[in-house]
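Participant: Let me give you the structure first, and then I'll get to my questions.
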Amino acid sequence: MEEVKLHGFWASPFSHKVIWALKLKGVEYEYIEEDITNKSELLLKYNPVYKKIPILVHGGKPIAESTVILEYIEETWPQNPLLPTDAYQKAIARFWIQFGAYEPYFRKFFHASGEEQEKAAKEIFGMLKILEEQGLGDKKFFGGDSINLVDIAHGWLPLWFGSIEEAVGVKVMESTTLPRLHAWIQNFMEVDVIKENLPDREKVLVHVKKVREKFVANHSN
Amino acid sequence: MAEEVVLLDFWPSMFGVRVRIVLVEKGIEYEYREEDLRNKSSLLLQMNPVHKQIPVLIQNGKPVCESSIIVQYIDEVWHDKAPLLPSDPYQRAQARFWVDFIDKKLYNPSRRIWSTKGEELEAAKKEFIEVLKVLEEQLKDKPFFGGETFGYVDVCLIGYYCWFYAYETFGNFSIEAECPQIIAWAKRCTQKESVSKSLPDGKKVFGFVQELRKKFVVD
């Protein structure tokens with residue numbers, strides 16, 4: 001059995017996605033906390049392209065980018081499958097994993113204010129509506145009766161996006177207008193592996209507020 | 001495998017090219033349907049209601065969307081011929097990493113090269129070359145990103161090559177001067193039947209971009 005190490009950051013949702021996958025598969029690993037304000041030599045060596053966490057190191061070989069790491073984990077440790085085995089269903093799952101990822105409106109929502117932020121909030125709502133109606137539908141989880149990589153991919157919404165909503169004072173994920181998503185959030189946060197592997201919400205809120213303040217300070221005229 | 005395969009595509013699309021190449025690599029019979037993106041067919045809207053974009057692969061009436069997902073899907077289903085992804089999970093992860101990098105980093109600056117001017121254009125060129133240089137470093141002295149054989153990363157990058165003439169003309173620069181290995185690699189790829197059959201002519205793409213530009217830039 002080769003050594004598994006995860007370089008992460010306590011407040012990062014991307015780190016947590018990898019933790020959740022490893023825990024769901026029962027993979028033993030060593031967690032290394034990285035100070036992202038003072039990046040280690042090792043981090044820079046393992047991820048020269050982006051210089052970011054999470055980085056999974058398996059038998060000394062590094063893998064970066066959470067979506068890539070998650071597929072690697074799925075292929076390397078096939079127990080408790082987190083993706084469908086059918087090629088077509090897998091393609092559908094990958095579509096929903098990618099959906100809404102890295103969209104500029106998330107940044108805008110977090111950093112902007114006024115009209116620009118309102119516009120971003122509308123775009124986020126639109127995306128979440130499609131996600132809950134066409135991605136989730138009537139299912140309990142994206143993975144069906146249990147969570148899979150699609151749930152994990154959107155697993156940043158409850159705690160992290162929730163904290164961002166609090167920090168900017170604008171709520172998008174309302175139970176009235178996104179009922180299925182709301183139900184999914186309740187169910188997702190009850191899953192043992194998720195419940196037991198979350199950062200402190202208050203601490204994340206403080207962190208998110210700090211990041212926002214810093215951005216606003218650096219960008220105000 | 002006698003199954004009906006349809007590809008909804010748009011001829012200059014660097015993303016559609018990916019799927020065309022793979023279909024030839026695998027020797028898959030399919031029906032190509034050209035979409036007018038200013039007047040999308042009801043089939044496209046039905047098959048890709050979320051993004052309403054090409055390419056869309058339809059197999060026996062079931063759609064697969066997003067080019068990199070389509071490529072992986074074809075590679076998995078028609079797995080016995082011309083494998084594109086490596087069999088080793090670590091190598092697969094590396095291939096996925098680089099396709100993800102291409103998808104995240106290359107499209108945006110490339111688009112800005114033909115649709116902006118002045119300072120914005122210069123910034124776009126700089127970013128574009130920087131991204132190509134990172135890819136060039138990754139290529140090193142291998143014939144393909146996949147190593148000895150044409151693979152997933154090669155498929156996903158080569159579609160941009162037919163746009164290079166347009167970028168160079170509108171951006172007034174030489175990509176070969178900055179990234180000679182990338183051009184050498186691209187030429188090597190075009191020697192493959194699947195690529196030469198699938199890549200539209202660079203001058204034709206230039207003509208298309210010229211028309212498109214009128215909407216964005218006042219020359």
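Identifiers for the structure tokens are assigned positionally: chains receive A, B, ... in sequence, residues are indexed from 1 per chain, and ligands are indexed from 1 in the order shown.
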Would you kindly report the residues of chain A within 9 Å of chain B, using only C-alpha atoms, as a PyMOL selection string?

Facilitator: chain A and resi 49+61-65+67-69+71-73+75-76+87-88+90-92+94-95+102+130+134

Participant: Could the residues in this selection be written to a file with C-alpha atoms, as a PDB file, in the first residue's frame?

Facilitator:
ATOM      1  CA  VAL A  49       1.159  25.351 -12.738  1.00  0.00           C
ATOM      2  CA  LYS A  61       3.437  11.301  -7.207  1.00  0.00           C
ATOM      3  CA  PRO A  62       1.376  14.515  -7.076  1.00  0.00           C
ATOM      4  CA  ILE A  63      -2.040  15.186  -8.599  1.00  0.00           C
ATOM      5  CA  ALA A  64      -3.571  18.660  -8.638  1.00  0.00           C
ATOM      6  CA  GLU A  65      -7.045  20.066  -9.417  1.00  0.00           C
ATOM      7  CA  THR A  67     -11.957  17.319 -10.230  1.00  0.00           C
ATOM      8  CA  VAL A  68      -8.909  15.454 -11.541  1.00  0.00           C
ATOM      9  CA  ILE A  69      -8.065  14.203  -8.043  1.00  0.00           C
ATOM     10  CA  GLU A  71     -11.605  10.916 -10.756  1.00  0.00           C
ATOM     11  CA  TYR A  72      -8.191   9.518  -9.793  1.00  0.00           C
ATOM     12  CA  ILE A  73      -9.486   8.459  -6.379  1.00  0.00           C
ATOM     13  CA  GLU A  75     -10.321   4.836 -10.432  1.00  0.00           C
ATOM     14  CA  THR A  76      -7.645   3.870  -7.926  1.00  0.00           C
ATOM     15  CA  ALA A  87     -20.419   4.908 -19.720  1.00  0.00           C
ATOM     16  CA  TYR A  88     -23.492   6.950 -20.635  1.00  0.00           C
ATOM     17  CA  LYS A  90     -20.920   8.451 -16.256  1.00  0.00           C
ATOM     18  CA  ALA A  91     -21.006  11.048 -19.038  1.00  0.00           C
ATOM     19  CA  ILE A  92     -24.192  12.506 -17.522  1.00  0.00           C
ATOM     20  CA  ARG A  94     -19.485  14.343 -15.487  1.00  0.00           C
ATOM     21  CA  PHE A  95     -21.767  16.905 -17.153  1.00  0.00           C
ATOM     22  CA  TYR A 102     -15.654  28.200 -12.214  1.00  0.00           C
ATOM     23  CA  ILE A 130     -31.313  24.224 -13.664  1.00  0.00           C
ATOM     24  CA  GLN A 134     -32.566  18.922 -14.393  1.00  0.00           C
TER      25      GLN A 134
END

Participant: When you look at range 114-118 of chain B with a cut-off of 10 Å (counting only C-alpha atoms), what residues show up, excluding the ones that are within fewer than 6 positions of it in the same chain? I need them as a PyMOL selection string.

Facilitator: chain B and resi 124-125+163+166-171+206+209-210+212-219

Participant: Kindly save the residues from that selection, with N, CA and C atoms included, as a compact mmCIF listing (two decimals), in the first residue's frame.

Facilitator:
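And here's part.txt as it stands now:
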# COMPACT_ATOMS: atom_id res chain seq x y z
N ALA B 124 -4.12 40.10 -24.25
CA ALA B 124 -4.63 38.79 -24.67
C ALA B 124 -3.52 37.96 -25.31
N LYS B 125 -2.73 38.59 -26.18
CA LYS B 125 -1.63 37.90 -26.85
C LYS B 125 -0.64 37.35 -25.84
N TRP B 163 -7.19 27.91 -35.99
CA TRP B 163 -7.49 29.30 -35.68
C TRP B 163 -6.21 30.15 -35.60
N ALA B 166 -5.78 33.05 -38.09
CA ALA B 166 -6.65 34.18 -37.73
C ALA B 166 -6.03 34.96 -36.56
N TYR B 167 -5.58 34.27 -35.51
CA TYR B 167 -4.98 34.95 -34.36
C TYR B 167 -3.76 35.76 -34.80
N GLU B 168 -2.91 35.12 -35.61
CA GLU B 168 -1.67 35.78 -36.03
C GLU B 168 -1.95 37.01 -36.88
N THR B 169 -2.95 36.90 -37.75
CA THR B 169 -3.25 38.01 -38.64
C THR B 169 -3.86 39.17 -37.87
N PHE B 170 -4.86 38.89 -37.06
CA PHE B 170 -5.51 39.97 -36.30
C PHE B 170 -4.63 40.46 -35.16
N GLY B 171 -3.81 39.56 -34.62
CA GLY B 171 -2.95 39.96 -33.51
C GLY B 171 -1.62 40.49 -33.95
N PHE B 206 -10.21 31.97 -40.91
CA PHE B 206 -9.89 33.40 -40.91
C PHE B 206 -11.04 34.20 -41.51
N VAL B 209 -13.84 34.38 -39.06
CA VAL B 209 -13.54 35.28 -37.94
C VAL B 209 -13.64 36.74 -38.39
N GLN B 210 -13.21 36.98 -39.62
CA GLN B 210 -13.27 38.33 -40.19
C GLN B 210 -14.70 38.86 -40.16
N LEU B 212 -17.11 37.71 -38.18
CA LEU B 212 -17.51 37.75 -36.77
C LEU B 212 -17.00 39.03 -36.10
N ARG B 213 -15.79 39.41 -36.48
CA ARG B 213 -15.10 40.55 -35.91
C ARG B 213 -15.89 41.85 -36.09
N LYS B 214 -16.60 41.91 -37.19
CA LYS B 214 -17.34 43.13 -37.51
C LYS B 214 -18.30 43.50 -36.38
N LYS B 215 -18.74 42.47 -35.68
CA LYS B 215 -19.67 42.72 -34.57
C LYS B 215 -18.97 43.27 -33.33
N PHE B 216 -17.66 43.00 -33.24
CA PHE B 216 -16.95 43.32 -32.00
C PHE B 216 -15.99 44.48 -32.12
N VAL B 217 -15.32 44.57 -33.28
CA VAL B 217 -14.23 45.54 -33.40
C VAL B 217 -14.49 46.48 -34.56
N VAL B 218 -14.28 47.74 -34.34
CA VAL B 218 -14.36 48.69 -35.45
C VAL B 218 -12.94 48.86 -35.96
N ASP B 219 -12.69 48.38 -37.17
CA ASP B 219 -11.31 48.42 -37.69
C ASP B 219 -10.95 49.79 -38.22

Participant: For Pro143 in chain B, work out the shell of residues within 10 Å, counting only C-alpha atoms and skipping chain neighbours fewer than 4 positions away, then give it as a count of residues only.

Facilitator: 11

Participant: Using only C-alpha atoms, which of the listed residues (A:Gly8, A:Gly143, A:Pro199, A:Gly137) sits closest to Lys39 in chain A?

Facilitator: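 Checking each candidate against Lys39 in chain A, we get A:Gly8 as the closest.
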
Participant: Rounded to one decimal, what separation in Å do you get between CA of Glu211 in chain B and CA of Ser198 in chain B?

Facilitator: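 Pair CA of Glu211 in chain B / CA of Ser198 in chain B returns 22.2 Å.
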
Participant: Can you tell me which residues surround range 18-32 of chain B at a distance of at most 7 Å, considering only C-alpha atoms, apart from same-chain residues fewer than 4 positions away, and format the answer as a count of residues only?

Facilitator: 18

Participant: I need the residues in range 14-191 of chain B that are alpha helix (DSSP H) according to DSSP; give them as JSON, numbers by chain.

Facilitator: {"B": [14, 15, 16, 17, 18, 19, 20, 21, 22, 23, 24, 25, 42, 43, 44, 45, 46, 47, 67, 68, 69, 70, 71, 72, 73, 74, 75, 76, 77, 89, 90, 91, 92, 93, 94, 95, 96, 97, 98, 99, 100, 101, 102, 103, 104, 105, 107, 108, 109, 110, 111, 112, 113, 114, 115, 118, 119, 120, 121, 122, 123, 124, 125, 126, 127, 128, 129, 130, 131, 132, 133, 134, 135, 136, 137, 138, 139, 152, 153, 154, 155, 156, 157, 158, 164, 165, 166, 167, 168, 169, 170, 171, 175, 176, 177, 178, 180, 181, 182, 183, 184, 185, 186, 187, 188, 189, 190]}

Participant: List every residue of chain B that DSSP, applied to the backbone of this structure, assigns to strand (DSSP E or B), and report them as a PyMOL selection string.

Facilitator: chain B and resi 5-9+31-34+56-59+62-65+144+147

Participant: Have a look at CA of Gln89 in chain A and CA of Gly26 in chain A and let me know their distance in Å, one decimal.

Facilitator: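 That distance, rounded to one decimal, is 24.3 Å.
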
Participant: Name the residues in contact with Gly155 in chain A at a cut-off of 10 Å, using only C-alpha atoms, excluding same-chain residues fewer than 6 positions from it; report them as number ranges by chain.

Facilitator: A: 13-14, 16-17, 20, 147, 149, 161, 184-185, 188-189, 194

Participant: I need the chosen residues saved as a short mmCIF file (atom, residue, chain, number, x, y, z; two decimals), in the first residue's frame, with C-alpha atoms.

Facilitator:
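What follows is the written file out.cif:
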data_model
loop_
_atom_site.label_atom_id
_atom_site.label_comp_id
_atom_site.auth_asym_id
_atom_site.auth_seq_id
_atom_site.Cartn_x
_atom_site.Cartn_y
_atom_site.Cartn_z
CA PRO A 13 -14.10 23.61 -0.05
CA PHE A 14 -11.87 21.98 -2.67
CA HIS A 16 -12.88 19.05 1.68
CA LYS A 17 -14.17 17.47 -1.52
CA TRP A 20 -14.93 13.39 1.61
CA ILE A 147 -24.00 10.60 -2.49
CA LEU A 149 -18.99 12.70 -7.03
CA PHE A 161 -21.64 29.45 -0.54
CA TRP A 184 -30.78 18.21 -0.96
CA ILE A 185 -28.79 20.51 1.33
CA PHE A 188 -26.35 16.15 2.22
CA MET A 189 -25.37 17.77 5.52
CA ILE A 194 -19.91 15.07 5.40
#

Participant: Can you tell me, as JSON, numbers by chain, what residues are no more than 10 Å from Ser146 in chain A when counting only C-alpha atoms, ignoring any on the same chain fewer than 2 positions away?

Facilitator: {"A": [82, 139, 140, 141, 142, 143, 144, 148, 151, 187, 188, 191]}
